[in-house]
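One structure is given below, encoded as structure tokens.
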Amino acid sequence: MGEEYGRPPLADKNRTVVEQRLAEVERGDGVRETLTVEWRTQPLHVEVIDMPVESLYFNPGTHRIRAQRSLDPDQDRSLQQAPWAKDSQEYLRQLLRGLPADPRKRDPDFDELKESLRTDRQKEPGLITRDGIIVNGNTRCVALKELGVTNMRVGVLPASCTWNDINAVELALQLRPDQRRNYSYINRLLAIEEQHLLGRPEADIAREFRIRTETCRQDLWILSCLKELIERSQDGKQRLRLLDFEKQQEKLRELYRRYVRESEVNKDDAETLKELRLAAIALDFSKTDVRLIEPDFRERYLDVRLPEDLQPQEAEPIAVSIPGLNRSFKPSAPKAAQAKSLTDMILKAKAVVTAEDESMGERAASATTIYSAARQAFEDALEPAGKDARVRKRKRAAPDRLTDACQDIEQCITDLTLAKASGSLDEEAFDEAVLALRESLTKLAVASQRSIKAPGDGVAWLREAVRKEAV
């Protein structure tokens, strides 16, 4: 079930105006404009009318700015308690025209929309309830108000519309492939989670959002991870917000994929990897830097560079008893626990730093020092990690290319069989390709002679084969 926000103050007046204008459309002789929406799993054609923009209400439950509402916790609480109040509607207007990652700044996409409405007018109608709540077109309404346009073309939903219907219709419209302005990354995650909490299977959610089921599972994991980070970042009244991770999409997706692969090998290493990469993401390192962090990153590169006040205290593991056996064991994963402790310190420091509250004084200065020291330590550790990664990549380059060539030859065998069966083989071209292969193998043998001093069976075979060919 979605949240209920009740009816706005002008609901009855708006219903009267809507009914009058729908009746006028019904009596009219001209071409009637309709809008097709998905209504309770079925397509529905709704009538389009003009409505005064000043009588319409921004939707407090819109998915478009759900994450951005946390920009100002006090205003968010007011919005939750009194969504139709003037201040709450003004807060929604500010968020609708702001950048998803930082709603305090004006979004260039909003200005493009406004310019389009100024020059080309309203191409597509919005959608409202009969109470005057905007289901689709909230951002357009903000732009029209700024342009001084008095009326907005809107489709009108049936009189029986509920808040669940509002959420479902808005989501269906926004997921149409022809939508120009998609949900921001975090708001899309929240929309997927909302459907998941309603009990819908992941396969159905994936189909509706036009993604793979594995991607749906990935997005739910990422959002759960972010919510946990926000709880862990709590430091007094300050804590991080979902919108603080709006620009981290690719890093988080790479983290999920790497975490899943590592979990299949070693769960403890996977947790250590996750914590260290989340710390680097919180410190706002680039995707290529975060990619360098592996489970051994801390012990190999980071520990010696961390200042003493960022070194987690070594906790004595608490023995866990096994009921009925009179035996106990010590919990594993001390590396993961230490990595988590470090991440928590960084998260708390970032929460205070991003709050930009001048009244915190020494507390803000201390958080800034911790955050800066952690970032410098990670930056210093990433430098040797990057060098080692490049060395490992060079070491693997030659074997990897030869493995790829073997796979191509295996595919060539299949293609050769199929070509023979269909009588489509170009024998001359194939012969020329084999001669090129012989030349390449000869060059490879010569290079291995210069590079490898103690050849194994494979290299010995290659050299012998080429030697016999030369005789």
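To be explicit about the labels: the chains of the structure tokens are called A, B, and onward in the order shown, and within each one the residues are counted from 1, while ligands get numbers from 1 in the order they are shown.
When the distance limit is 10 Å and only C-alpha atoms are what count, the residues near Ala364 of chain A, minus those fewer than 2 positions from it on the same chain, are Ala349, Lys350, Ala351, Val352, Val353, Thr354, Ala355, Glu356, Asp357, Glu358, Ser359, Met360, Gly361, Glu362, Ser366, Ala367, Thr368, Thr369 and Ile370 of chain A.
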Problem set entry | Contacts of Gln195 of chain A at 9 Å (only C-alpha atoms; same-chain gap of 6+ positions) as a list of chain:residue names | A:Pro201, A:Glu202, A:Ile205
Any chance you could export the current selection's all heavy atoms as a CSV table (one decimal), in the first residue's frame?
chain,number,residue,atom,x,y,z
A,201,PRO,N,6.5,-10.3,-7.9
A,201,PRO,CA,7.8,-11.1,-8.2
A,201,PRO,C,8.8,-10.2,-8.9
A,201,PRO,O,8.4,-9.3,-9.7
A,201,PRO,CB,7.2,-12.2,-9.1
A,201,PRO,CG,5.8,-12.3,-8.8
A,201,PRO,CD,5.3,-10.9,-8.5
A,202,GLU,N,10.0,-10.5,-8.7
A,202,GLU,CA,11.1,-9.8,-9.4
A,202,GLU,C,11.0,-9.8,-10.9
A,202,GLU,O,11.3,-8.8,-11.6
A,202,GLU,CB,12.5,-10.3,-8.9
A,202,GLU,CG,12.8,-10.0,-7.5
A,202,GLU,CD,14.1,-10.6,-7.0
A,202,GLU,OE1,14.8,-11.3,-7.9
A,202,GLU,OE2,14.6,-10.3,-5.9
A,205,ILE,N,8.5,-7.2,-12.0
A,205,ILE,CA,9.0,-5.9,-11.8
A,205,ILE,C,10.0,-5.6,-12.9
A,205,ILE,O,10.0,-4.5,-13.5
A,205,ILE,CB,9.7,-5.7,-10.4
A,205,ILE,CG1,8.7,-6.0,-9.3
A,205,ILE,CG2,10.3,-4.3,-10.3
A,205,ILE,CD1,9.3,-6.0,-7.9
Problem set entry | Point-to-point distance from atom CA of Ala85 of chain A to atom CA of Lys145 of chain A, Å rounded to tenths |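 Between these atoms lies a distance of 17.7 Å.
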For this session: Do a neighbour search on Ala270 of chain A at 10 Å with only C-alpha atoms, toss out local chain neighbours closer than 2 positions, and write the hits as a list in words.
Result: Arg258, Tyr259, Val260, Arg261, Glu262, Ser263, Glu264, Val265, Asn266, Lys267, Asp268, Thr272, Leu273, Lys274, Glu275, Glu294, Pro295 and Ala336 of chain A
Exercise. In Å, with one decimal, what is the gap from atom CA of Leu157 of chain A to atom CA of Met51 of chain A?
Worked result: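 Atom-to-atom, atom CA of Leu157 of chain A and atom CA of Met51 of chain A are spaced 13.6 Å apart.
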For this session: Please give the complete set of residues from segment 57-177 of chain A that DSSP, run on the backbone, assigns to strand (DSSP E), formatted as a list in words.
Result: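 Selection result, strand (DSSP E) within segment 57-177 of chain A: Gly126, Leu127, Ile128, Ile134, Val135, Asn136, Asn151, Met152, Arg153, Val154, Gly155 and Val156 of chain A.
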For this session: Show which residues sit within 12 Å of Asp107 of chain A, as a PyMOL selection string. Count only C-alpha atoms, and ignore same-chain residues fewer than 3 positions away.
Result: chain A and resi 94-104+110-114+139+143+181
For this session: Tell me, as a PyMOL selection string, which residues lie within 12 Å of Leu56 of chain A, counting only C-alpha atoms; anything in the same chain fewer than 2 positions away does not count.
Result: chain A and resi 8-11+13-15+17-18+50-54+58-59+84+89+126-138+140-142+144-145+150-154
For this session: Check the smallest atom-to-atom distance from each of A:Ile281, A:Glu208, A:Ala373, A:Thr213 to Arg176 of chain A using only C-alpha atoms, then report the winner.
Result: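 Checking each of A:Ile281, A:Glu208, A:Ala373, A:Thr213 against Arg176 of chain A, counting only C-alpha atoms, the winner is A:Glu208.
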Exercise. Counting only C-alpha atoms, which of A:Asp244, A:Gln234, A:Ala385, A:Gln311 gets nearest to Leu292 of chain A?
Worked result: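 When distances to Leu292 of chain A are compared using only C-alpha atoms, the smallest one comes from A:Ala385.
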For this session: Report as a ChimeraX atom specification: the residues of segment 88-292 of chain A with a DSSP assignment of helix (DSSP H, G or I), based on the backbone of this structure.
Result: /A:88-96,108-120,138-147,163-174,185-197,202-209,213-232,242-245,249-263,267-282,287-290
For this session: Give me, please, the distance in Å between atom CA of Lys348 of chain A and atom CA of Asp235 of chain A, quoted to one decimal.
Result: 5.7 Å
Problem set entry | Among listed residues A:Leu402, A:Val169, A:Ala82, A:Ile230, nearest Tyr5 of chain A (using only C-alpha atoms) |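 Going through A:Leu402, A:Val169, A:Ala82, A:Ile230 one by one, the smallest distance to Tyr5 of chain A is for A:Ala82.
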Exercise. For Ala206 of chain A, which of A:Glu231, A:Glu246, A:Asp289, A:Asp219 is the closest residue, counting only C-alpha atoms?
Worked result: A:Asp219
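Of the residues listed (A:Phe209, A:Gly423, A:Arg93, A:Ser70), A:Arg93 shows the shortest atom-to-atom separation from Arg106 of chain A; distances use only C-alpha atoms.
Using only C-alpha atoms, the protein and nucleic acid residues lying no more than 12 Å from Arg450 of chain A, apart from those fewer than 6 places from it along its own chain, are Lys443, Leu444, Val459 and Arg463 of chain A.
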